[in-house]
$ cat structure36.txt   # compact mmCIF, C-alpha atoms and all ligand atoms
# COMPACT_ATOMS: atom_id res chain seq x y z
CA MET B 1 69.49 29.57 -33.04
CA VAL B 2 68.74 30.31 -29.42
CA GLU B 3 71.17 33.06 -28.55
CA THR B 4 71.79 33.43 -24.87
CA GLY B 5 74.92 34.50 -23.09
CA GLY B 6 75.17 31.19 -21.31
CA TYR B 7 74.50 29.07 -24.35
CA SER B 8 77.15 30.13 -26.78
CA THR B 9 80.22 30.87 -24.74
CA ILE B 10 83.38 28.93 -25.51
CA VAL B 11 85.44 28.29 -22.41
CA GLY B 12 87.97 25.70 -21.51
CA TYR B 13 87.14 22.11 -21.02
CA VAL B 14 89.37 19.17 -21.78
CA SER B 15 87.91 15.73 -21.26
CA GLY B 16 89.64 12.72 -19.81
CA GLY B 17 90.76 9.76 -21.87
CA GLY B 18 88.54 7.82 -24.23
CA ALA B 19 88.11 6.99 -27.86
CA HIS B 20 87.07 10.51 -28.83
CA VAL B 21 88.72 13.09 -26.63
CA LEU B 22 86.83 16.36 -26.78
CA THR B 23 88.66 19.64 -26.43
CA ARG B 24 87.90 23.21 -25.38
CA SER B 25 86.57 23.97 -28.83
CA SER B 26 84.15 21.00 -28.97
CA THR B 27 80.74 22.02 -30.22
CA VAL B 28 77.50 20.55 -28.96
CA LEU B 29 74.44 21.05 -31.13
CA VAL B 30 71.19 20.72 -29.17
CA THR B 31 67.90 20.33 -31.05
CA GLY B 32 64.45 20.81 -29.55
CA ALA B 33 65.74 23.67 -27.37
CA GLY B 34 62.89 24.90 -25.22
CA GLY B 35 61.97 21.40 -24.09
CA GLN B 36 62.54 20.21 -20.53
CA LEU B 37 65.45 17.86 -21.21
CA ALA B 38 67.13 20.31 -23.60
CA ASP B 39 67.14 22.85 -20.78
CA ALA B 40 69.11 20.47 -18.54
CA ILE B 41 71.41 19.40 -21.38
CA VAL B 42 72.43 23.00 -22.02
CA ARG B 43 73.29 23.41 -18.34
CA ALA B 44 75.16 20.10 -18.18
CA PHE B 45 77.39 21.06 -21.11
CA ALA B 46 78.21 24.52 -19.73
CA GLY B 47 81.78 25.24 -20.68
CA TRP B 48 81.48 23.69 -24.11
CA HIS B 49 80.51 25.59 -27.21
CA ILE B 50 76.76 25.04 -27.23
CA VAL B 51 74.55 25.80 -30.18
CA ALA B 52 70.90 25.29 -29.25
CA HIS B 53 68.16 25.35 -31.85
CA ALA B 54 64.41 25.38 -31.28
CA ARG B 55 62.02 24.23 -33.96
CA ALA B 56 61.79 27.73 -35.50
CA THR B 57 65.43 27.65 -36.58
CA MET B 58 65.96 23.93 -37.01
CA ASP B 59 62.95 21.80 -37.78
CA ILE B 60 64.38 18.30 -37.58
CA THR B 61 61.78 17.00 -40.04
CA ASP B 62 63.29 19.30 -42.69
CA SER B 63 66.25 17.25 -43.92
CA ALA B 64 67.71 20.18 -45.86
CA SER B 65 67.65 22.30 -42.72
CA VAL B 66 69.30 19.49 -40.76
CA ARG B 67 72.07 19.15 -43.37
CA ARG B 68 72.58 22.90 -43.53
CA VAL B 69 72.77 23.53 -39.78
CA VAL B 70 74.96 20.51 -39.10
CA GLY B 71 77.20 21.44 -42.04
CA GLU B 72 77.56 25.02 -40.83
CA GLU B 73 78.15 24.24 -37.16
CA ALA B 74 80.27 21.10 -37.70
CA PRO B 75 79.38 19.87 -34.20
CA ASP B 76 81.34 17.21 -32.35
CA VAL B 77 78.12 16.05 -30.70
CA ILE B 78 74.48 16.38 -31.70
CA VAL B 79 72.04 15.96 -28.81
CA ASN B 80 68.55 15.51 -30.16
CA CYS B 81 65.96 16.61 -27.62
CA ALA B 82 63.23 17.32 -30.19
CA ALA B 83 60.24 15.01 -30.08
CA PHE B 84 56.54 14.62 -30.69
CA ASN B 85 55.55 13.71 -27.14
CA ASP B 86 51.76 13.84 -27.31
CA VAL B 87 51.17 10.15 -26.67
CA ASP B 88 47.40 10.28 -27.19
CA GLY B 89 47.63 12.82 -30.02
CA ALA B 90 49.92 10.47 -31.95
CA GLU B 91 46.98 8.08 -32.37
CA ASP B 92 45.24 10.77 -34.47
CA ARG B 93 48.40 12.20 -36.04
CA PRO B 94 50.71 9.21 -36.58
CA ALA B 95 52.35 10.70 -39.69
CA GLU B 96 53.43 13.73 -37.67
CA ALA B 97 54.70 11.54 -34.85
CA PHE B 98 56.69 9.38 -37.26
CA ALA B 99 58.11 12.43 -39.06
CA VAL B 100 59.53 13.88 -35.82
CA ASN B 101 60.26 10.79 -33.74
CA ALA B 102 61.40 8.42 -36.49
CA PHE B 103 62.34 9.73 -39.93
CA ALA B 104 64.04 12.88 -38.64
CA LEU B 105 66.52 10.56 -36.96
CA ARG B 106 67.53 9.22 -40.34
CA SER B 107 68.46 12.77 -41.41
CA LEU B 108 70.26 13.47 -38.14
CA ALA B 109 72.20 10.20 -38.30
CA ARG B 110 73.29 10.88 -41.87
CA ALA B 111 74.30 14.45 -41.02
CA ALA B 112 76.19 13.24 -37.94
CA ASP B 113 78.12 10.71 -40.00
CA ALA B 114 78.88 13.27 -42.68
CA THR B 115 80.66 15.46 -40.13
CA GLY B 116 81.97 12.70 -37.84
CA ALA B 117 79.76 13.84 -34.95
CA ALA B 118 78.37 11.65 -32.21
CA LEU B 119 74.56 11.57 -32.15
CA VAL B 120 72.66 11.30 -28.88
CA HIS B 121 68.95 10.53 -29.01
CA TYR B 122 66.41 9.70 -26.31
CA GLY B 123 64.06 6.72 -26.36
CA THR B 124 61.21 5.71 -24.12
CA ASP B 125 60.05 2.89 -21.85
CA PHE B 126 56.84 2.85 -23.92
CA VAL B 127 58.59 0.65 -26.50
CA PHE B 128 57.75 -2.20 -24.11
CA ASP B 129 54.30 -3.72 -23.66
CA GLY B 130 54.59 -3.77 -19.87
CA ALA B 131 53.95 -7.49 -19.52
CA ALA B 132 57.23 -8.11 -17.68
CA SER B 133 57.60 -8.48 -13.93
CA VAL B 134 61.33 -7.74 -13.64
CA PRO B 135 63.06 -4.57 -14.91
CA TYR B 136 63.62 -4.50 -18.66
CA ASP B 137 67.22 -4.41 -19.82
CA GLU B 138 68.48 -3.37 -23.24
CA SER B 139 68.23 -6.91 -24.63
CA ALA B 140 64.49 -7.17 -23.92
CA PRO B 141 62.50 -7.29 -27.17
CA PRO B 142 60.42 -4.16 -27.71
CA SER B 143 56.70 -4.52 -28.33
CA PRO B 144 55.20 -1.05 -28.86
CA ARG B 145 51.44 -0.72 -28.30
CA SER B 146 50.76 2.79 -29.59
CA ALA B 147 51.61 5.01 -32.56
CA TYR B 148 53.82 7.13 -30.30
CA ALA B 149 55.71 4.08 -29.04
CA ALA B 150 56.17 2.67 -32.55
CA SER B 151 57.44 6.02 -33.84
CA LYS B 152 59.95 6.22 -30.99
CA LEU B 153 61.18 2.70 -31.64
CA VAL B 154 61.82 3.38 -35.34
CA GLY B 155 63.67 6.54 -34.30
CA GLU B 156 65.95 4.44 -32.08
CA TRP B 157 66.78 2.21 -35.04
CA PHE B 158 67.71 5.15 -37.26
CA ALA B 159 69.75 6.82 -34.51
CA LEU B 160 71.70 3.63 -33.90
CA GLU B 161 72.65 3.52 -37.57
CA ALA B 162 74.95 6.51 -36.93
CA ALA B 163 78.56 5.42 -36.52
CA ARG B 164 78.61 7.05 -33.07
CA GLY B 165 74.94 6.80 -32.21
CA TYR B 166 73.76 6.71 -28.60
CA VAL B 167 70.16 6.04 -27.63
CA LEU B 168 69.31 6.68 -24.00
CA ARG B 169 65.89 5.40 -23.01
CA VAL B 170 64.37 7.68 -20.40
CA GLU B 171 61.05 7.52 -18.59
CA SER B 172 58.67 9.87 -16.75
CA LEU B 173 61.04 12.83 -16.94
CA PHE B 174 60.88 15.35 -14.13
CA GLY B 175 62.94 18.16 -12.71
CA MET B 176 61.75 21.54 -13.87
CA PRO B 177 61.80 24.73 -11.80
CA VAL B 178 58.55 26.08 -10.33
CA ALA B 179 58.33 28.82 -12.94
CA TRP B 180 58.68 26.40 -15.90
CA LYS B 181 56.23 27.37 -18.63
CA GLY B 182 56.72 24.37 -20.90
CA ARG B 183 55.20 20.91 -20.81
CA ARG B 184 54.96 19.42 -17.32
CA GLY B 185 55.36 15.78 -16.49
CA THR B 186 53.30 13.57 -14.19
CA LEU B 187 55.53 14.15 -11.15
CA GLU B 188 55.35 17.93 -11.56
CA LYS B 189 51.56 17.66 -11.60
CA ILE B 190 51.58 15.43 -8.52
CA VAL B 191 53.77 17.92 -6.63
CA GLU B 192 51.49 20.82 -7.58
CA GLY B 193 48.50 18.89 -6.26
CA LEU B 194 50.26 17.94 -3.04
CA GLU B 195 51.43 21.50 -2.42
CA ALA B 196 47.93 22.84 -3.01
CA ASP B 197 46.45 20.19 -0.70
CA ARG B 198 44.28 18.87 -3.52
CA ASP B 199 43.15 15.31 -4.11
CA VAL B 200 45.71 13.65 -6.34
CA THR B 201 44.65 10.66 -8.41
CA VAL B 202 47.47 8.18 -8.93
CA PHE B 203 47.82 4.78 -10.58
CA THR B 204 48.48 1.87 -8.26
CA ASP B 205 49.15 -0.51 -11.15
CA ARG B 206 51.62 1.47 -13.25
CA THR B 207 55.22 0.84 -12.21
CA VAL B 208 57.82 3.36 -13.33
CA SER B 209 61.49 4.26 -13.00
CA PRO B 210 61.32 8.08 -13.05
CA SER B 211 64.19 9.99 -14.65
CA TYR B 212 65.54 13.28 -13.28
CA VAL B 213 66.57 15.52 -16.18
CA GLU B 214 69.74 16.61 -14.34
CA ASP B 215 70.88 13.00 -13.95
CA VAL B 216 70.00 12.15 -17.56
CA ALA B 217 71.97 15.18 -18.72
CA ALA B 218 74.95 14.21 -16.55
CA ALA B 219 74.88 10.66 -17.94
CA THR B 220 74.72 12.06 -21.48
CA ARG B 221 77.74 14.20 -20.88
CA TYR B 222 79.60 11.31 -19.27
CA LEU B 223 79.06 9.01 -22.26
CA VAL B 224 80.13 11.47 -24.93
CA GLU B 225 82.94 12.95 -22.89
CA ARG B 226 84.48 9.59 -22.12
CA GLY B 227 83.90 8.19 -25.59
CA GLY B 228 81.61 5.54 -24.11
CA GLU B 229 80.67 2.65 -26.38
CA PRO B 230 77.93 3.82 -28.75
CA GLY B 231 74.64 1.95 -28.51
CA LEU B 232 71.48 1.63 -26.49
CA TYR B 233 71.38 2.48 -22.76
CA HIS B 234 68.59 2.56 -20.24
CA CYS B 235 69.06 5.92 -18.53
CA VAL B 236 66.56 6.07 -15.68
CA ASN B 237 67.05 6.69 -11.99
CA SER B 238 67.66 3.50 -10.05
CA GLY B 239 64.76 1.58 -8.59
CA SER B 240 61.08 1.70 -9.41
CA GLY B 241 57.69 2.19 -7.84
CA THR B 242 54.04 2.61 -8.70
CA TRP B 243 52.87 6.17 -9.21
CA HIS B 244 51.17 5.78 -5.85
CA ASP B 245 54.54 4.91 -4.27
CA VAL B 246 56.19 7.87 -5.97
CA ALA B 247 53.47 10.28 -4.84
CA ALA B 248 53.52 9.00 -1.25
CA ASP B 249 57.30 9.30 -1.02
CA THR B 250 57.22 12.76 -2.57
CA ALA B 251 54.60 13.86 -0.03
CA ARG B 252 56.84 12.59 2.76
CA LEU B 253 59.76 14.61 1.39
CA LEU B 254 57.54 17.68 1.12
CA GLY B 255 56.35 17.18 4.68
CA VAL B 256 52.68 17.16 3.69
CA THR B 257 49.87 14.73 4.39
CA PRO B 258 48.81 13.52 0.94
CA ARG B 259 45.25 13.08 -0.26
CA LEU B 260 45.87 10.32 -2.76
CA THR B 261 43.03 8.75 -4.72
CA PRO B 262 44.16 5.37 -6.01
CA THR B 263 43.13 4.32 -9.49
CA THR B 264 44.02 1.58 -11.97
CA THR B 265 44.61 1.60 -15.70
CA ASP B 266 41.36 -0.25 -16.44
CA GLN B 267 39.39 2.50 -14.67
CA VAL B 268 40.77 5.22 -16.91
CA THR B 269 40.11 5.50 -20.64
CA LEU B 270 43.05 6.89 -22.53
CA ARG B 271 43.36 7.20 -26.31
CA ALA B 272 46.73 5.41 -26.41
CA SER B 273 47.58 2.27 -24.51
CA ARG B 274 50.21 2.63 -21.76
CA PRO B 275 52.39 -0.21 -20.49
CA ARG B 276 51.71 -1.09 -16.87
CA PHE B 277 55.12 -2.32 -15.80
CA CYS B 278 57.90 -0.04 -16.98
CA ALA B 279 60.76 -0.55 -14.54
CA LEU B 280 64.02 -0.36 -16.50
CA SER B 281 67.40 -1.72 -15.46
CA ASN B 282 70.23 0.82 -15.79
CA GLU B 283 72.91 -1.81 -15.13
CA LYS B 284 74.53 -1.38 -18.56
CA LEU B 285 75.06 2.33 -17.90
CA ARG B 286 76.49 1.50 -14.46
CA ALA B 287 78.88 -1.01 -16.04
CA ALA B 288 79.95 1.76 -18.43
CA GLY B 289 80.96 3.79 -15.39
CA PHE B 290 77.93 5.98 -14.64
CA SER B 291 75.69 5.06 -11.70
CA MET B 292 72.28 6.67 -11.73
CA PRO B 293 71.17 7.68 -8.20
CA THR B 294 67.91 6.26 -6.87
CA TRP B 295 64.72 8.01 -7.89
CA GLN B 296 64.06 8.87 -4.24
CA ASP B 297 67.41 10.65 -4.04
CA ALA B 298 66.68 12.42 -7.32
CA VAL B 299 63.25 13.61 -6.17
CA ARG B 300 64.79 14.90 -2.94
CA ARG B 301 67.45 16.87 -4.83
CA TRP B 302 64.87 18.28 -7.22
CA LEU B 303 62.52 19.37 -4.44
CA ALA B 304 65.40 21.05 -2.62
CA THR B 305 66.18 23.16 -5.69
CA ARG B 306 62.52 23.87 -6.34
CA ARG B 307 61.51 25.01 -2.88
CA PRO B 308 64.60 26.01 -0.92
CA SER B 309 62.63 27.73 1.86
CA GLY B 310 60.06 24.93 2.04
CA ALA B 311 62.90 22.44 1.98
CA ALA B 312 64.40 23.92 5.09
CA ARG B 313 61.04 23.65 6.89
CA SER B 314 60.50 20.05 5.93
CA GLY B 315 64.05 18.90 6.55
CA LEU B 316 64.81 18.54 2.87
CA ALA B 317 67.74 20.89 2.98
CA ASP B 318 69.88 18.77 5.29
CA LYS B 319 69.20 15.61 3.31
CA ALA B 320 69.84 17.06 -0.15
N1 LIG B 401 58.83 13.66 -20.99
C1 LIG B 401 58.89 12.36 -20.70
O1 LIG B 401 58.38 11.91 -19.66
C2 LIG B 401 59.59 11.42 -21.63
C3 LIG B 401 59.42 10.03 -21.45
C4 LIG B 401 60.09 9.16 -22.30
C5 LIG B 401 60.91 9.65 -23.30
N2 LIG B 401 61.04 10.99 -23.46
C6 LIG B 401 61.92 11.48 -24.54
O2 LIG B 401 62.89 12.37 -24.00
C7 LIG B 401 63.22 13.35 -24.97
C8 LIG B 401 63.05 14.75 -24.37
O3 LIG B 401 61.68 14.92 -24.00
P1 LIG B 401 61.14 16.25 -23.31
O4 LIG B 401 60.12 15.82 -22.31
O5 LIG B 401 62.27 17.11 -22.88
O6 LIG B 401 60.39 16.92 -24.52
P2 LIG B 401 59.55 18.27 -24.55
O7 LIG B 401 59.69 19.03 -23.28
O8 LIG B 401 58.19 17.92 -25.04
O9 LIG B 401 60.31 19.07 -25.67
C9 LIG B 401 60.33 18.61 -27.00
C10 LIG B 401 60.76 19.79 -27.85
O10 LIG B 401 60.84 19.33 -29.19
C11 LIG B 401 60.38 20.39 -30.01
N3 LIG B 401 59.98 19.89 -31.32
C12 LIG B 401 58.85 19.23 -31.66
N4 LIG B 401 58.86 18.98 -32.98
C13 LIG B 401 60.02 19.49 -33.47
C14 LIG B 401 60.60 19.54 -34.76
N5 LIG B 401 59.98 19.03 -35.83
N6 LIG B 401 61.82 20.12 -34.91
C15 LIG B 401 62.44 20.66 -33.85
N7 LIG B 401 61.94 20.67 -32.60
C16 LIG B 401 60.74 20.07 -32.42
C17 LIG B 401 59.22 20.96 -29.23
O11 LIG B 401 58.95 22.24 -29.71
P3 LIG B 401 57.45 22.80 -29.79
O12 LIG B 401 57.17 23.30 -28.42
O13 LIG B 401 57.54 23.84 -30.83
O14 LIG B 401 56.57 21.63 -30.17
C18 LIG B 401 59.78 20.95 -27.81
O15 LIG B 401 60.48 22.14 -27.52
C19 LIG B 401 62.32 13.07 -26.17
O16 LIG B 401 63.00 12.25 -27.09
C20 LIG B 401 61.17 12.30 -25.57
O17 LIG B 401 60.48 11.49 -26.49
C21 LIG B 401 60.41 11.89 -22.65
$ encode --input "structure36.txt" --output "structure tokens"
Amino acid sequence: MVETGGYSTIVGYVSGGGAHVLTRSSTVLVTGAGGQLADAIVRAFAGWHIVAHARATMDITDSASVRRVVGEEAPDVIVNCAAFNDVDGAEDRPAEAFAVNAFALRSLARAADATGAALVHYGTDFVFDGAASVPYDESAPPSPRSAYAASKLVGEWFALEAARGYVLRVESLFGMPVAWKGRRGTLEKIVEGLEADRDVTVFTDRTVSPSYVEDVAAATRYLVERGGEPGLYHCVNSGSGTWHDVAADTARLLGVTPRLTPTTTDQVTLRASRPRFCALSNEKLRAAGFSMPTWQDAVRRWLATRRPSGAARSGLADKA
């Protein structure tokens, strides 16, 4: 278990109405602690009793360990942030990807049901083939094109077998502090390049709906706190753009003149296929009562937290 002062305090929080009202003693079990989304989840649930496990103390592919930890902690909510996220590596190690991203969800769903816990799991836009031209909603048929994508899709199916299973599809996560030592996403790498005045190569034919970890964590808390209808939700920031659009807008917010080198997917050889068009509609989440801010607003808020002094220079501070 990750023992930190902030993680395991129990202080008062009583939720509003809903099918499953959570009380001051509600326990949230977070798996995959140490990952970027887990970090935001722990912050978002501050005030609840949080038990956060990294792989060393809870390997989600070890079903006995899952049963034991869930049995001991008796959580009200399990938030699974553990994942095999090496999209290209999954082509060479599909069994590993399926163990973590798919079959572990069967164990977690069973353990959640055994204790009456809600289970929150995160899916990906990569379950789609990218052939669409309008944002995908939750009813769009998945068509995974890589081992990673297939493993994530099977994981969704297992997670949704839990009586109170929530699957939130996220995409192009971003939002870590400057000093973050873990895995960095595409937007983090773009910002580093822009800040260092380097050439930044960006796709002009990959359309994304980036997801700010703070907003994803807030949406997660909203759904479980309010007893939102279990099921599948697209949980991305509102709107979409090509990576070139995202980089250009980010440069504007940083107040720098970008050196962007446009590229296209057919100019770059990657081990695993990536969908080109990945805009997702978050309308179902909005109808459930949680509106995701636009990605531009999310990037602005993130940059303001990341570079407070730079933000003031570039005018970020007064817009954040
Ligand atoms: N990042 C994105 O852009 C993106 C896009 C779409 C969907 N998602 C989904 O969003 C969720 C959160 O992603 P993230 O970016 O926060 O992930 P992340 O930063 O890569 O963190 C994943 C964590 O899972 C841990 N882990 C791996 N195998 C494990 C196992 N068998 N048991 C327990 N822990 C294990 C990793 O630990 P080690 O360091 O020890 O490996 C790591 O700390 C995942 O479901 C991911 O698939 C992410």
$ residues_near_ligand --input "structure36.txt" --ligand "ligand LIG 401 (chain B)" --cutoff "8 Å" --atoms "only C-alpha atoms and all ligand atoms" --output "PyMOL selection string"
chain B and resi 31-39+53-56+58-62+80-86+99-101+104+121-126+152+169-174+182-186+211
$ write_last_selection --input "structure36.txt" --atoms "C-alpha atoms" --output "PDB file, keeping the file's coordinate frame"
ATOM      1  CA  THR B  31      67.900  20.330 -31.050  1.00  0.00           C
ATOM      2  CA  GLY B  32      64.450  20.810 -29.550  1.00  0.00           C
ATOM      3  CA  ALA B  33      65.740  23.670 -27.370  1.00  0.00           C
ATOM      4  CA  GLY B  34      62.890  24.900 -25.220  1.00  0.00           C
ATOM      5  CA  GLY B  35      61.970  21.400 -24.090  1.00  0.00           C
ATOM      6  CA  GLN B  36      62.540  20.210 -20.530  1.00  0.00           C
ATOM      7  CA  LEU B  37      65.450  17.860 -21.210  1.00  0.00           C
ATOM      8  CA  ALA B  38      67.130  20.310 -23.600  1.00  0.00           C
ATOM      9  CA  ASP B  39      67.140  22.850 -20.780  1.00  0.00           C
ATOM     10  CA  HIS B  53      68.160  25.350 -31.850  1.00  0.00           C
ATOM     11  CA  ALA B  54      64.410  25.380 -31.280  1.00  0.00           C
ATOM     12  CA  ARG B  55      62.020  24.230 -33.960  1.00  0.00           C
ATOM     13  CA  ALA B  56      61.790  27.730 -35.500  1.00  0.00           C
ATOM     14  CA  MET B  58      65.960  23.930 -37.010  1.00  0.00           C
ATOM     15  CA  ASP B  59      62.950  21.800 -37.780  1.00  0.00           C
ATOM     16  CA  ILE B  60      64.380  18.300 -37.580  1.00  0.00           C
ATOM     17  CA  THR B  61      61.780  17.000 -40.040  1.00  0.00           C
ATOM     18  CA  ASP B  62      63.290  19.300 -42.690  1.00  0.00           C
ATOM     19  CA  ASN B  80      68.550  15.510 -30.160  1.00  0.00           C
ATOM     20  CA  CYS B  81      65.960  16.610 -27.620  1.00  0.00           C
ATOM     21  CA  ALA B  82      63.230  17.320 -30.190  1.00  0.00           C
ATOM     22  CA  ALA B  83      60.240  15.010 -30.080  1.00  0.00           C
ATOM     23  CA  PHE B  84      56.540  14.620 -30.690  1.00  0.00           C
ATOM     24  CA  ASN B  85      55.550  13.710 -27.140  1.00  0.00           C
ATOM     25  CA  ASP B  86      51.760  13.840 -27.310  1.00  0.00           C
ATOM     26  CA  ALA B  99      58.110  12.430 -39.060  1.00  0.00           C
ATOM     27  CA  VAL B 100      59.530  13.880 -35.820  1.00  0.00           C
ATOM     28  CA  ASN B 101      60.260  10.790 -33.740  1.00  0.00           C
ATOM     29  CA  ALA B 104      64.040  12.880 -38.640  1.00  0.00           C
ATOM     30  CA  HIS B 121      68.950  10.530 -29.010  1.00  0.00           C
ATOM     31  CA  TYR B 122      66.410   9.700 -26.310  1.00  0.00           C
ATOM     32  CA  GLY B 123      64.060   6.720 -26.360  1.00  0.00           C
ATOM     33  CA  THR B 124      61.210   5.710 -24.120  1.00  0.00           C
ATOM     34  CA  ASP B 125      60.050   2.890 -21.850  1.00  0.00           C
ATOM     35  CA  PHE B 126      56.840   2.850 -23.920  1.00  0.00           C
ATOM     36  CA  LYS B 152      59.950   6.220 -30.990  1.00  0.00           C
ATOM     37  CA  ARG B 169      65.890   5.400 -23.010  1.00  0.00           C
ATOM     38  CA  VAL B 170      64.370   7.680 -20.400  1.00  0.00           C
ATOM     39  CA  GLU B 171      61.050   7.520 -18.590  1.00  0.00           C
ATOM     40  CA  SER B 172      58.670   9.870 -16.750  1.00  0.00           C
ATOM     41  CA  LEU B 173      61.040  12.830 -16.940  1.00  0.00           C
ATOM     42  CA  PHE B 174      60.880  15.350 -14.130  1.00  0.00           C
ATOM     43  CA  GLY B 182      56.720  24.370 -20.900  1.00  0.00           C
ATOM     44  CA  ARG B 183      55.200  20.910 -20.810  1.00  0.00           C
ATOM     45  CA  ARG B 184      54.960  19.420 -17.320  1.00  0.00           C
ATOM     46  CA  GLY B 185      55.360  15.780 -16.490  1.00  0.00           C
ATOM     47  CA  THR B 186      53.300  13.570 -14.190  1.00  0.00           C
ATOM     48  CA  SER B 211      64.190   9.990 -14.650  1.00  0.00           C
TER      49      SER B 211
END
$ residues_around --input "structure36.txt" --residues "Asp129 in chain B" --least-positions-apart "5" --cutoff "6 Å" --atoms "only C-alpha atoms" --output "mmCIF file with C-alpha atoms, keeping the file's coordinate frame"
data_model
loop_
_atom_site.group_PDB
_atom_site.id
_atom_site.type_symbol
_atom_site.label_atom_id
_atom_site.label_comp_id
_atom_site.auth_asym_id
_atom_site.auth_seq_id
_atom_site.Cartn_x
_atom_site.Cartn_y
_atom_site.Cartn_z
ATOM 1 C CA SER B 143 56.700 -4.520 -28.330
ATOM 2 C CA PRO B 144 55.200 -1.050 -28.860
ATOM 3 C CA PRO B 275 52.390 -0.210 -20.490
#
$ atom_distance --input "structure36.txt" --atom1 "CA of Ala179 in chain B" --atom2 "CA of Gly47 in chain B"
25.0 Å
$ axis_aligned_box --input "structure36.txt" --around "range 251-259 of chain B" --padding-each-side "6 Å" --output "JSON"
{"center_x": 52.5, "center_y": 15.1, "center_z": 2.2, "size_x": 26.5, "size_y": 17.1, "size_z": 16.9}
$ closest_residue --input "structure36.txt" --among "B:Ala248, B:Ala132, B:Ala97, B:Val69" --to "Leu194 in chain B" --atoms "only C-alpha atoms"
B:Ala248
$ atom_distance --input "structure36.txt" --atom1 "CA of Ala95 in chain B" --atom2 "CA of Ala111 in chain B"
22.3 Å
$ atom_distance --input "structure36.txt" --atom1 "CA of Gly116 in chain B" --atom2 "CA of Phe98 in chain B"
25.5 Å
$ residues_around --input "structure36.txt" --residues "Ala131 in chain B" --least-positions-apart "5" --cutoff "12 Å" --atoms "all atoms listed in the file" --output "PyMOL selection string"
chain B and resi 126+136+140-145+205-207+274-279
$ residues_around --input "structure36.txt" --residues "Asn237 in chain B" --least-positions-apart "2" --cutoff "7 Å" --atoms "only C-alpha atoms" --output "PyMOL selection string"
chain B and resi 209-212+235+239+292-295
$ closest_residue --input "structure36.txt" --among "B:Trp243, B:Tyr148, B:Tyr233, B:Tyr222" --to "Val208 in chain B" --atoms "all atoms listed in the file"
B:Trp243
$ residues_around --input "structure36.txt" --residues "Thr257 in chain B" --least-positions-apart "3" --cutoff "10 Å" --atoms "only C-alpha atoms" --output "JSON, numbers by chain"
{"B": [194, 195, 197, 248, 251, 252, 254, 260]}
$ closest_residue --input "structure36.txt" --among "B:Val256, B:Ala40, B:Val224, B:Val191" --to "Ile78 in chain B" --atoms "only C-alpha atoms"
B:Val224
$ residues_around --input "structure36.txt" --residues "Glu283 in chain B" --least-positions-apart "2" --cutoff "10 Å" --atoms "only C-alpha atoms" --output "VMD selection string"
chain B and resid 137 to 138 233 to 235 238 280 to 281 285 to 292
$ closest_residue --input "structure36.txt" --among "B:Gln267, B:Ser107, B:Ser273, B:Thr261" --to "Asp199 in chain B" --atoms "only C-alpha atoms"
B:Thr261
$ closest_residue --input "structure36.txt" --among "B:Ala112, B:Val87, B:Ala44, B:Leu105" --to "Val70 in chain B" --atoms "only C-alpha atoms"
B:Ala112
$ closest_residue --input "structure36.txt" --among "B:Thr204, B:Ser26, B:Ser139, B:Gln296" --to "Gly231 in chain B" --atoms "only C-alpha atoms"
B:Ser139
